[in-house]
Structure formats: C-alpha cells, structure tokens
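Trainee: One structure, pasted below without further comment.
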Amino acid sequence: MIVGIDGPSGTGKSSTSKAVAAKLGLRYLDTGAQYRAITWWMLHHGIDIKDPAAIAAAAGRAEIVSGTDPSAPTITVDGTDVAAPIRTQEVTSAVSAVSAVPEVRARITELQRSIAKEAVPGIVVEGRDIGTTVLPDADLKVFLTASEEARAARRSGELKGKDAAGLKATQEALARRDAADSTRKTSPLAKAGDAVEVDTTELTLEQVIECVVTLVEEKQ
Ligand code: C5P
C-alpha cells in the first residue's frame with residue numbers, strides 16, 4: 001500500500017501522514033525533511049544558494065538517511081542528526097531555491113523511490129510532487145488544501161515563541177514559499193489528475209486523519 005499525500009505548507013500534511021501511517025501500521029516518509037536536510041548541508045558547507053550551478057555540482061555529496069517509523073521519524077546527513085537544525089528560519093528561507101535545482105530533485109527523488117519500494121507493508125509519503133512525479137503509481141493520492149489564513153494560523157501555532165514575526169509575516173513567508181514551489185520548472189507543487197482533494201480549512205486534524213484512513217481502507 002503506497003499512499004502519497006501532497007499539498008502546500010500548513011495544510012496538516014505531516015501530522016495527518018504520520019497519524020495515518022501509525023494507525024494503519026505503515027511506514028512514513030517526510031520528503032520535505034529531505035529537501036531541508038540537503039539545504040542544511042549546502043548552507044553548512046558554504047555553498048552559495050543563489051548559485052544553481054554550485055548547488056547542482058554539490059547535489060550528490062550529502063548522504064541523507066531517513067528513518068521511516070511514524071512514531072519517531074529521523075533524518076541524518078553524513079551521520080549527523082539534523083532533525084532540529086532543518087527547522088530553522090535560515091533553512092526554511094533557503095529550501096525553495098535549493099529544491100528547485102533539477103540535480104537536487106533527481107537525487108532526492110531516486111532516494112524516495114528506493115525507500116518506498118523497500119517499505120513493508122507499505123508507506124505514507126508526504127510532499128509536493130509525490131502523486132505527480134515521485135510515485136505516479138501510488139495506490140492512493142491525496143491532495144490537502146486549506147485557506148491561506150488557516151494555513152498561516154496553524155504554522156504560527158507550531159512556531160511558538162516566535163512572536164516577533166507574527167501572523168502576517170508568517171503568512172507572507174508561506175505565500176512566497178508556496179509560490180516558488182508551485183512555479184518552479186521541475187516537478188512543481190501540483191495536484192495529480194487522479195488525486196482526491198481534501199479541503200481541511202473547516203476540519204479538525206482528527207477529521208482529516210479519519211477521512212484519509214477511510215480513503216486508504218477503501219483501496220485495501
Ligand atoms: O514540507 P516542508 O515545508 O518541510 O517542505 C520544505 C520544502 O521542501 C518545500 O517548501 C519545498 O521547497 C521542498 N519540497 C519539495 N518537494 C517535496 C517536498 C518538499 O520541493 N516533495
């Protein structure tokens with residue numbers, strides 16, 4: 001059972017995907033964490049993230065390993081646990097530029113496909129291009145959406161303590177990232193033709209999880 005869950009930031013993709021995987025005894029892969037990890041590596045090694053050629057040349061150098069237990073997912077780069085540093089503002093601001101580089105996408109896509117292929121008895125993979133590009137033959141494709149306001153409010157709630165930037169700045173940063181992710185040439189954020197769209201604006205997290213679990217069970 002391979003489930004792809006795509007959608008813009010702040011739609012509850014991660015919480016939903018982890019919970020669905022845990023409930024159904026499937027593995028879980030956060031592909032955004034992999035793009036964040038390679039971005040962290042580029043920044044850590046002083047690669048100029050405004051220089052796509054430099055990013056492309058370095059794309060094969062980082063060794064990214066994802067742990068796929070939905071109750072404790074892990075991510076390491078060259079053996080270093082980067083779960084915390086990949087969530088910093090510095091990485092978040094740089095990730096769209098790095099993930100737009102075709103050589104980066106080719107590398108990470110290959111990694112994602114091999115993880116999905118080996119996952120027993122199946123996997124929930126969340127990202128932006130899972131249904132369209134990474135796993136076009138997934139058993140179920142879900143595309144989560146929510147209004148921009150709802151997404152910004154959820155993301156602000158997640159970033160407790162980051163009061164200075166505030167809701168408006170968070171909303172603007174999210175909109176910028178989604179615009180960059182949706183308009184890049186290679187494998188942009190997009191809904192696959194055969195994906196089921198779920199608008200989460202008015203739903204609680206529990207309702208979204210229940211909805212996706214039902215969709216998976218219908219495919220079993
Ligand atoms: O999901 P998350 O917000 O952690 O993703 C971080 C970034 O990784 C996205 O803004 C996007 O640039 C990139 N990404 C991607 N393709 C995916 C998953 C994430 O380009 N499948």
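Ordered as shown in the structure tokens, chains take letters A, B, and onward, while each chain numbers its residues from 1 and ligands are numbered from 1 in the order shown.
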Write out as a list in words all residues of region 21-178 of chain A that DSSP puts in strand (DSSP E) for this structure's backbone.
Mentor: Arg27, Tyr28, Leu29, Asp30, Ile64, Val65, Ser66, Gly67, Thr74, Ile75, Thr76, Val77, Thr80, Asp81, Ile123, Val124, Val125, Glu126, Gly127, Leu140, Lys141, Val142, Phe143, Leu144 and Thr145 of chain A
Trainee: Would you mind exporting N, CA and C atoms of the selected residues as a compact mmCIF listing (two decimals), in the first residue's frame?
Mentor:
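Dumped to part-v3.txt:
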# COMPACT_ATOMS: atom_id res chain seq x y z
N ARG A 27 4.82 2.51 7.06
CA ARG A 27 5.99 3.37 7.28
C ARG A 27 5.62 4.80 6.88
N TYR A 28 6.51 5.75 7.14
CA TYR A 28 6.20 7.17 6.89
C TYR A 28 7.45 7.88 6.37
N LEU A 29 7.28 8.66 5.32
CA LEU A 29 8.42 9.44 4.80
C LEU A 29 8.03 10.90 4.60
N ASP A 30 8.81 11.79 5.25
CA ASP A 30 8.63 13.25 5.13
C ASP A 30 9.65 13.74 4.10
N ILE A 64 22.04 11.46 2.77
CA ILE A 64 20.83 11.67 3.57
C ILE A 64 20.18 10.33 3.91
N VAL A 65 19.91 10.12 5.19
CA VAL A 65 19.25 8.88 5.61
C VAL A 65 17.99 9.23 6.40
N SER A 66 16.86 8.67 5.95
CA SER A 66 15.57 8.93 6.62
C SER A 66 15.11 7.68 7.35
N GLY A 67 14.76 7.84 8.64
CA GLY A 67 14.15 6.74 9.40
C GLY A 67 12.65 6.85 9.25
N THR A 74 13.27 9.92 11.73
CA THR A 74 14.58 10.53 11.96
C THR A 74 15.16 11.00 10.62
N ILE A 75 16.13 11.91 10.69
CA ILE A 75 16.82 12.34 9.47
C ILE A 75 18.26 12.68 9.83
N THR A 76 19.20 12.08 9.08
CA THR A 76 20.61 12.40 9.30
C THR A 76 21.26 12.78 7.97
N VAL A 77 22.29 13.61 8.07
CA VAL A 77 23.10 13.96 6.90
C VAL A 77 24.54 13.66 7.26
N THR A 80 25.07 12.98 10.83
CA THR A 80 24.67 13.95 11.85
C THR A 80 23.15 14.05 11.92
N ASP A 81 22.60 14.00 13.14
CA ASP A 81 21.16 14.17 13.33
C ASP A 81 20.81 15.64 13.07
N ILE A 123 3.75 2.39 2.77
CA ILE A 123 4.29 3.66 3.28
C ILE A 123 3.36 4.82 2.93
N VAL A 124 3.36 5.80 3.81
CA VAL A 124 2.70 7.08 3.52
C VAL A 124 3.83 8.08 3.24
N VAL A 125 3.83 8.65 2.04
CA VAL A 125 4.89 9.58 1.65
C VAL A 125 4.26 10.96 1.47
N GLU A 126 4.78 11.95 2.19
CA GLU A 126 4.19 13.29 2.07
C GLU A 126 5.15 14.26 1.40
N GLY A 127 4.61 15.17 0.59
CA GLY A 127 5.47 16.14 -0.08
C GLY A 127 4.70 17.11 -0.96
N LEU A 140 -3.02 5.28 -3.55
CA LEU A 140 -3.92 6.39 -3.21
C LEU A 140 -3.13 7.68 -3.22
N LYS A 141 -3.71 8.70 -3.85
CA LYS A 141 -3.09 10.03 -3.85
C LYS A 141 -4.07 11.00 -3.22
N VAL A 142 -3.57 11.77 -2.25
CA VAL A 142 -4.42 12.75 -1.58
C VAL A 142 -3.76 14.11 -1.76
N PHE A 143 -4.58 15.13 -2.04
CA PHE A 143 -4.06 16.49 -2.13
C PHE A 143 -4.78 17.32 -1.09
N LEU A 144 -4.03 17.76 -0.06
CA LEU A 144 -4.63 18.54 1.02
C LEU A 144 -4.55 20.03 0.70
N THR A 145 -5.64 20.75 0.94
CA THR A 145 -5.64 22.20 0.77
C THR A 145 -6.22 22.83 2.03
Trainee: List as a Markdown table every residue of chain A that is in contact with ligand 1, defined as an atom at most 8 Å from one of its atoms (using only C-alpha atoms and all ligand atoms), together with the nearest atom pair and the distance in Å rounded to one decimal, sorted by chain and then rising number.
Mentor:
| residue | atom | partner | partner_atom_place_in_ligand_line | distance |
| --- | --- | --- | --- | --- |
| A:Asp6 | CA | ligand 1 | 21 (N) | 7.5 |
| A:Pro8 | CA | ligand 1 | 3 (O) | 7.6 |
| A:Ser9 | CA | ligand 1 | 3 (O) | 5.2 |
| A:Gly10 | CA | ligand 1 | 3 (O) | 7.7 |
| A:Lys13 | CA | ligand 1 | 1 (O) | 7.7 |
| A:Ser14 | CA | ligand 1 | 1 (O) | 7.4 |
| A:Asp30 | CA | ligand 1 | 1 (O) | 7.2 |
| A:Thr31 | CA | ligand 1 | 18 (C) | 4.7 |
| A:Gly32 | CA | ligand 1 | 5 (O) | 3.5 |
| A:Ala33 | CA | ligand 1 | 4 (O) | 5.2 |
| A:Gln34 | CA | ligand 1 | 8 (O) | 7.5 |
| A:Tyr35 | CA | ligand 1 | 8 (O) | 4.8 |
| A:Arg36 | CA | ligand 1 | 6 (C) | 5.8 |
| A:Arg87 | CA | ligand 1 | 4 (O) | 7.9 |
| A:Thr92 | CA | ligand 1 | 6 (C) | 6.8 |
| A:Val95 | CA | ligand 1 | 12 (O) | 5.2 |
| A:Ser96 | CA | ligand 1 | 12 (O) | 3.7 |
| A:Ala97 | CA | ligand 1 | 12 (O) | 7.2 |
| A:Val98 | CA | ligand 1 | 12 (O) | 7.5 |
| A:Ser99 | CA | ligand 1 | 20 (O) | 4.9 |
| A:Ala100 | CA | ligand 1 | 20 (O) | 6.6 |
| A:Arg105 | CA | ligand 1 | 20 (O) | 7.5 |
| A:Glu126 | CA | ligand 1 | 21 (N) | 6.8 |
| A:Gly127 | CA | ligand 1 | 21 (N) | 3.6 |
| A:Arg128 | CA | ligand 1 | 21 (N) | 4.0 |
| A:Asp129 | CA | ligand 1 | 21 (N) | 4.8 |
| A:Ile130 | CA | ligand 1 | 21 (N) | 5.9 |
| A:Val134 | CA | ligand 1 | 21 (N) | 7.9 |
| A:Arg177 | CA | ligand 1 | 10 (O) | 5.6 |
| A:Asp178 | CA | ligand 1 | 10 (O) | 6.5 |
| A:Ala180 | CA | ligand 1 | 12 (O) | 7.5 |
| A:Asp181 | CA | ligand 1 | 12 (O) | 5.3 |
| A:Ser187 | CA | ligand 1 | 20 (O) | 7.7 |
| A:Pro188 | CA | ligand 1 | 20 (O) | 7.1 |
| A:Leu189 | CA | ligand 1 | 16 (N) | 7.1 |
Trainee: If we count only C-alpha atoms and set the cut-off at 12 Å, which residues sit around Ser71 (chain A), ignoring sequence neighbours fewer than 5 positions away in its own chain? Please answer as a ChimeraX atom specification.
Mentor: /A:14-15,17-23,25-29
Trainee: So that I can check the secondary structure, give me every residue of chain A assigned alpha helix (DSSP H) by backbone DSSP, as an MDAnalysis selection string.
Mentor: chainID A and resid 13:24 31:44 52:58 89:99 102:118 148:158 166:183 205:219
Trainee: Calculated over only C-alpha atoms, which of the candidates A:Leu135, A:Val208, A:Ile49, A:Ala150 has the smallest distance to Leu111 (chain A)?
Mentor: A:Leu135
